[in-house]
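The file structure.cif comes next; it holds mmCIF, C-alpha atoms.
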data_coords
#
loop_
_atom_site.label_atom_id
_atom_site.label_comp_id
_atom_site.auth_asym_id
_atom_site.auth_seq_id
_atom_site.Cartn_x
_atom_site.Cartn_y
_atom_site.Cartn_z
CA MET Z 1 0.00 0.00 0.00
CA ILE Z 2 1.40 3.37 -1.02
CA GLU Z 3 1.04 6.08 1.63
CA LYS Z 4 0.64 9.71 0.77
CA PRO Z 5 3.83 11.81 1.16
CA VAL Z 6 2.13 14.10 3.70
CA THR Z 7 1.31 11.11 5.92
CA ILE Z 8 4.88 9.88 5.74
CA ILE Z 9 6.25 13.29 6.69
CA PHE Z 10 3.69 13.72 9.48
CA ASP Z 11 4.55 10.27 10.90
CA TYR Z 12 8.24 11.09 10.74
CA LEU Z 13 7.74 14.36 12.59
CA MET Z 14 5.57 12.72 15.23
CA CYS Z 15 7.99 9.80 15.70
CA HIS Z 16 4.94 7.53 15.82
CA ASN Z 17 4.06 8.96 19.25
CA PRO Z 18 0.57 10.50 19.46
CA GLN Z 19 1.43 12.49 22.57
CA LYS Z 20 4.39 14.14 20.84
CA GLY Z 21 2.15 14.79 17.84
CA SER Z 22 -0.34 16.67 19.98
CA ILE Z 23 2.40 18.82 21.49
CA PHE Z 24 3.87 19.39 18.05
CA MET Z 25 0.53 20.57 16.65
CA LYS Z 26 -0.08 22.90 19.61
CA ASN Z 27 3.39 24.43 19.16
CA LEU Z 28 2.86 24.72 15.42
CA ILE Z 29 -0.48 26.47 15.87
CA GLN Z 30 1.01 28.83 18.48
CA GLU Z 31 3.95 29.70 16.21
CA PHE Z 32 1.59 30.31 13.29
CA ARG Z 33 -0.62 32.56 15.43
CA ASP Z 34 2.44 34.52 16.59
CA PHE Z 35 3.61 34.88 12.99
CA ILE Z 36 0.25 36.09 11.72
CA THR Z 37 -0.28 38.63 14.51
CA ARG Z 38 3.19 40.09 14.11
CA GLY Z 39 3.18 43.50 12.42
CA ASN Z 40 5.31 42.38 9.45
CA ALA Z 41 2.81 39.79 8.22
CA ILE Z 42 -0.11 42.20 8.54
CA ASP Z 43 1.86 44.96 6.77
CA LEU Z 44 2.71 42.52 3.99
CA ALA Z 45 -0.93 41.53 3.57
CA ILE Z 46 -2.01 45.18 3.39
CA GLY Z 47 0.75 45.88 0.87
CA ILE Z 48 -0.40 43.02 -1.35
CA ILE Z 49 -4.02 44.21 -1.26
CA ILE Z 50 -3.06 47.80 -2.09
CA GLY Z 51 -0.65 46.55 -4.77
CA SER Z 52 -3.34 44.52 -6.50
CA ALA Z 53 -5.71 47.50 -6.47
CA PHE Z 54 -2.93 49.73 -7.83
CA SER Z 55 -2.21 47.16 -10.53
CA ALA Z 56 -5.88 47.16 -11.57
CA VAL Z 57 -5.83 50.97 -11.88
CA VAL Z 58 -2.65 50.87 -13.98
CA ASN Z 59 -4.09 48.16 -16.24
CA SER Z 60 -7.22 50.24 -16.71
CA ILE Z 61 -5.16 53.31 -17.61
CA VAL Z 62 -3.15 51.32 -20.15
CA ASP Z 63 -6.09 49.45 -21.68
CA ASN Z 64 -8.61 52.31 -21.71
CA LEU Z 65 -6.57 55.51 -21.97
CA LEU Z 66 -3.16 54.85 -23.53
CA MET Z 67 -3.59 52.00 -26.00
CA PRO Z 68 -6.60 53.39 -27.94
CA PRO Z 69 -4.72 56.57 -29.02
CA PHE Z 70 -1.67 54.48 -29.96
CA GLY Z 71 -3.98 52.24 -31.97
CA LEU Z 72 -5.38 55.26 -33.81
CA ILE Z 73 -1.87 56.47 -34.62
CA LEU Z 74 -1.08 53.06 -36.12
CA GLY Z 75 -4.17 53.08 -38.31
CA ASN Z 76 -7.11 52.17 -36.09
CA VAL Z 77 -5.50 49.02 -34.67
CA ASP Z 78 -6.43 47.34 -31.40
CA PHE Z 79 -3.09 46.36 -29.85
CA GLN Z 80 -4.54 43.23 -28.30
CA ASP Z 81 -5.48 41.98 -31.77
CA LEU Z 82 -1.93 42.24 -33.10
CA TYR Z 83 -0.59 38.72 -33.62
CA ILE Z 84 1.33 36.53 -36.01
CA LEU Z 85 -0.43 33.39 -37.19
CA LEU Z 86 1.89 30.41 -36.66
CA ARG Z 87 -0.52 27.67 -37.65
CA GLU Z 88 -4.05 27.72 -39.05
CA GLY Z 89 -6.84 26.31 -36.96
CA GLU Z 90 -9.78 24.16 -38.01
CA GLN Z 91 -10.90 26.82 -40.49
CA ALA Z 92 -9.08 29.42 -42.53
CA LEU Z 93 -9.13 32.92 -41.01
CA PRO Z 94 -10.25 36.00 -42.93
CA PRO Z 95 -7.56 38.65 -43.57
CA ASN Z 96 -8.67 41.01 -40.75
CA ALA Z 97 -9.39 38.32 -38.15
CA THR Z 98 -9.15 39.29 -34.50
CA LEU Z 99 -7.20 37.35 -31.92
CA GLN Z 100 -10.45 36.10 -30.42
CA MET Z 101 -11.52 34.71 -33.80
CA ALA Z 102 -8.16 32.95 -34.17
CA LYS Z 103 -8.48 31.39 -30.71
CA GLU Z 104 -12.02 30.20 -31.44
CA VAL Z 105 -10.90 28.16 -34.46
CA GLY Z 106 -7.88 26.77 -32.58
CA ALA Z 107 -5.15 28.68 -34.43
CA VAL Z 108 -1.70 28.94 -32.88
CA THR Z 109 -0.68 32.58 -32.62
CA PHE Z 110 2.27 34.71 -31.50
CA ASN Z 111 0.51 37.50 -29.53
CA TYR Z 112 2.99 40.39 -29.68
CA GLY Z 113 0.23 43.01 -29.28
CA GLN Z 114 -0.76 41.61 -25.90
CA PHE Z 115 2.92 41.51 -24.95
CA ILE Z 116 3.31 45.21 -25.84
CA THR Z 117 0.23 46.05 -23.75
CA ASP Z 118 1.56 44.03 -20.79
CA LEU Z 119 5.00 45.60 -21.15
CA ILE Z 120 3.52 49.11 -21.05
CA SER Z 121 1.43 48.11 -18.00
CA PHE Z 122 4.56 46.83 -16.29
CA LEU Z 123 6.53 49.99 -17.07
CA LEU Z 124 3.73 52.21 -15.79
CA LEU Z 125 3.38 50.11 -12.65
CA GLY Z 126 7.14 50.33 -12.12
CA LEU Z 127 7.02 54.08 -12.67
CA GLY Z 128 4.18 54.42 -10.17
CA VAL Z 129 6.04 52.41 -7.53
CA PHE Z 130 9.21 54.39 -8.23
CA LEU Z 131 7.38 57.70 -7.78
CA ILE Z 132 5.81 56.53 -4.52
CA VAL Z 133 9.16 55.31 -3.13
CA ARG Z 134 10.86 58.49 -4.34
CA GLY Z 135 8.25 60.61 -2.57
CA ILE Z 136 8.62 58.63 0.64
CA ASN Z 137 12.42 58.95 0.46
CA LYS Z 138 12.14 62.72 -0.03
CA LEU Z 139 9.79 62.98 2.95
CA ASN Z 140 12.22 60.92 5.06
CA ALA Z 141 15.14 63.12 3.94
CA LEU Z 142 13.13 66.25 4.80
CA LYS Z 143 12.28 64.78 8.20
CA GLU Z 144 15.96 63.98 8.85
CA LYS Z 145 16.96 67.49 7.78
CA MET Z 146 14.42 69.01 10.16
CA ILE Z 147 15.68 66.80 13.01
CA ASP Z 148 19.28 67.80 12.26
CA GLU Z 149 18.30 71.49 12.20
CA GLU Z 150 16.52 71.10 15.55
CA LYS Z 151 19.62 69.46 17.01
CA ALA Z 152 21.84 72.23 15.64
CA THR Z 153 19.52 74.87 17.09
CA ALA Z 154 19.42 73.07 20.44
CA GLU Z 155 23.21 72.89 20.51
CA LYS Z 156 23.49 76.65 19.99
CA THR Z 157 21.16 77.47 22.88
CA GLU Z 158 22.71 75.09 25.40
CA LYS Z 159 26.12 74.25 26.79
CA GLU Z 160 27.47 71.69 29.21
CA CYS Z 161 28.39 72.63 32.77
CA PRO Z 162 32.09 71.69 33.18
CA TYR Z 163 31.50 70.59 36.77
CA CYS Z 164 28.31 68.50 36.80
CA ARG Z 165 28.07 67.82 33.00
CA LYS Z 166 24.39 68.81 32.77
CA ARG Z 167 22.98 70.79 29.83
CA ILE Z 168 22.36 74.42 30.76
CA PRO Z 169 21.42 77.60 28.80
CA ILE Z 170 24.36 79.08 26.93
CA GLN Z 171 23.93 82.50 28.66
CA ALA Z 172 24.07 81.00 32.19
CA SER Z 173 26.83 82.35 34.48
CA ARG Z 174 26.01 79.91 37.28
CA CYS Z 175 24.91 76.28 36.93
CA PRO Z 176 21.35 75.81 38.23
CA TYR Z 177 22.13 72.19 39.17
CA CYS Z 178 25.44 72.35 41.03
CA THR Z 179 25.49 76.17 41.59
CA SER Z 180 29.08 76.38 40.36
CA GLN Z 181 30.31 79.71 39.06
CA LEU Z 182 31.17 79.27 35.39
CA GLU Z 183 34.54 80.44 34.06
CA GLY Z 184 34.82 83.40 31.74
CA ASP Z 185 31.86 85.30 33.21
CA GLU Z 186 32.41 89.04 33.82
CA GLU Z 187 29.81 89.06 36.61
CA ALA Z 188 31.92 86.65 38.69
CA SER Z 189 34.93 88.97 38.61
CA VAL Z 190 32.78 92.03 39.49
CA GLY Z 191 31.01 90.38 42.49
#
What would the structure in this file look like if it were written as structure tokens?
Amino acid sequence: MIEKPVTIIFDYLMCHNPQKGSIFMKNLIQEFRDFITRGNAIDLAIGIIIGSAFSAVVNSIVDNLLMPPFGLILGNVDFQDLYILLREGEQALPPNATLQMAKEVGAVTFNYGQFITDLISFLLLGLGVFLIVRGINKLNALKEKMIDEEKATAEKTEKECPYCRKRIPIQASRCPYCTSQLEGDEEASVG
């Protein structure tokens, strides 16, 4: 009797011990639950959903907005009907047969028009992703620049007390933490 490969693997993992199998399954379910509830898996799922919606929008733009004008430029041609007939089907095709007509009679075709449409869709999708990533990178760079400017501004308004090493205002003549008189202050020499 030939056993299914899954059964063989399961038996191997369980070492033919039902008690170990139960523990194994509980651990497996717990690990899977931990994996699914982790932020990375949820972020990935959201990304896939948004990506598929974005892909549908790009395909619609290509099929409905870009390809019809290109077809008009090429003499009222539907790009998806551009093909090379490799082998006739059950019946001979008329000279202006569409791709759908060729498929219906079982003809073997080289569909370069569909390839061009898919290639343009891919390039537009890539361009869209590039522009999104570029925008995010610019926002991150702007954020970093603002943080660096805030740090530079904070450094100009504060200095470190040489005695207690705490940050104090740059104009301070006495440390508010350790009450030490700071060097180089004219008020200290007057008083």
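Going from CA of Gly75 (chain Z) to CA of Ser60 (chain Z) covers 22.0 Å.
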| field | Resolved residues for the PyMOL selection byres ((chain Z and resi 107) around 9) as a ChimeraX atom specification | value | /Z:85-91,93,101-106,108-109
| said: Just the number, please: distance in Å from CA of Ile120 (chain Z) to CA of Leu72 (chain Z), one decimal. | reply: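 Going from CA of Ile120 (chain Z) over to CA of Leu72 (chain Z), I get 16.7 Å.
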Contacts between region 36-51 of chain Z and region 56-157 of chain Z, please, where a residue of region 56-157 of chain Z counts if it comes within 10 Å (with all atoms listed in the file); show its shortest atom pair and distance in Å to one decimal, rows by chain and ascending number, as a Markdown table.
| residue | atom | partner | partner_atom | distance |
| --- | --- | --- | --- | --- |
| Z:Ala56 | CA | Z:Gly51 | CA | 8.6 |
| Z:Val57 | CA | Z:Gly51 | CA | 9.8 |
| Z:Leu125 | CA | Z:Gly51 | CA | 9.5 |
| Z:Val129 | CA | Z:Gly51 | CA | 9.3 |
| query | So how far away is CA of Ile116 (chain Z) from CA of Ser55 (chain Z), in Å? | reply |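 Atom-to-atom, CA of Ser55 (chain Z) and CA of Ile116 (chain Z) are spaced 16.4 Å apart.
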| request: Select, from Z:Ala141, Z:Val133, Z:Leu124, Z:Leu182, the residue with the minimum atom-to-atom distance to Phe54 (chain Z), counting all atoms listed in the file. | output: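 Distance minimum relative to Phe54 (chain Z) lands on Z:Leu124.
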Select from region 92-168 of chain Z every residue with an atom at most 9 Å from any atom of region 178-181 of chain Z, then for each give the shortest pair of atoms and their distance in Å to one decimal, using all atoms listed in the file, rows by chain and rising number, as a tab-separated table.
residue	atom	partner	partner_atom	distance
Z:Cys161	CA	Z:Ser180	CA	8.5
Z:Tyr163	CA	Z:Ser180	CA	7.2
Z:Cys164	CA	Z:Cys178	CA	6.4
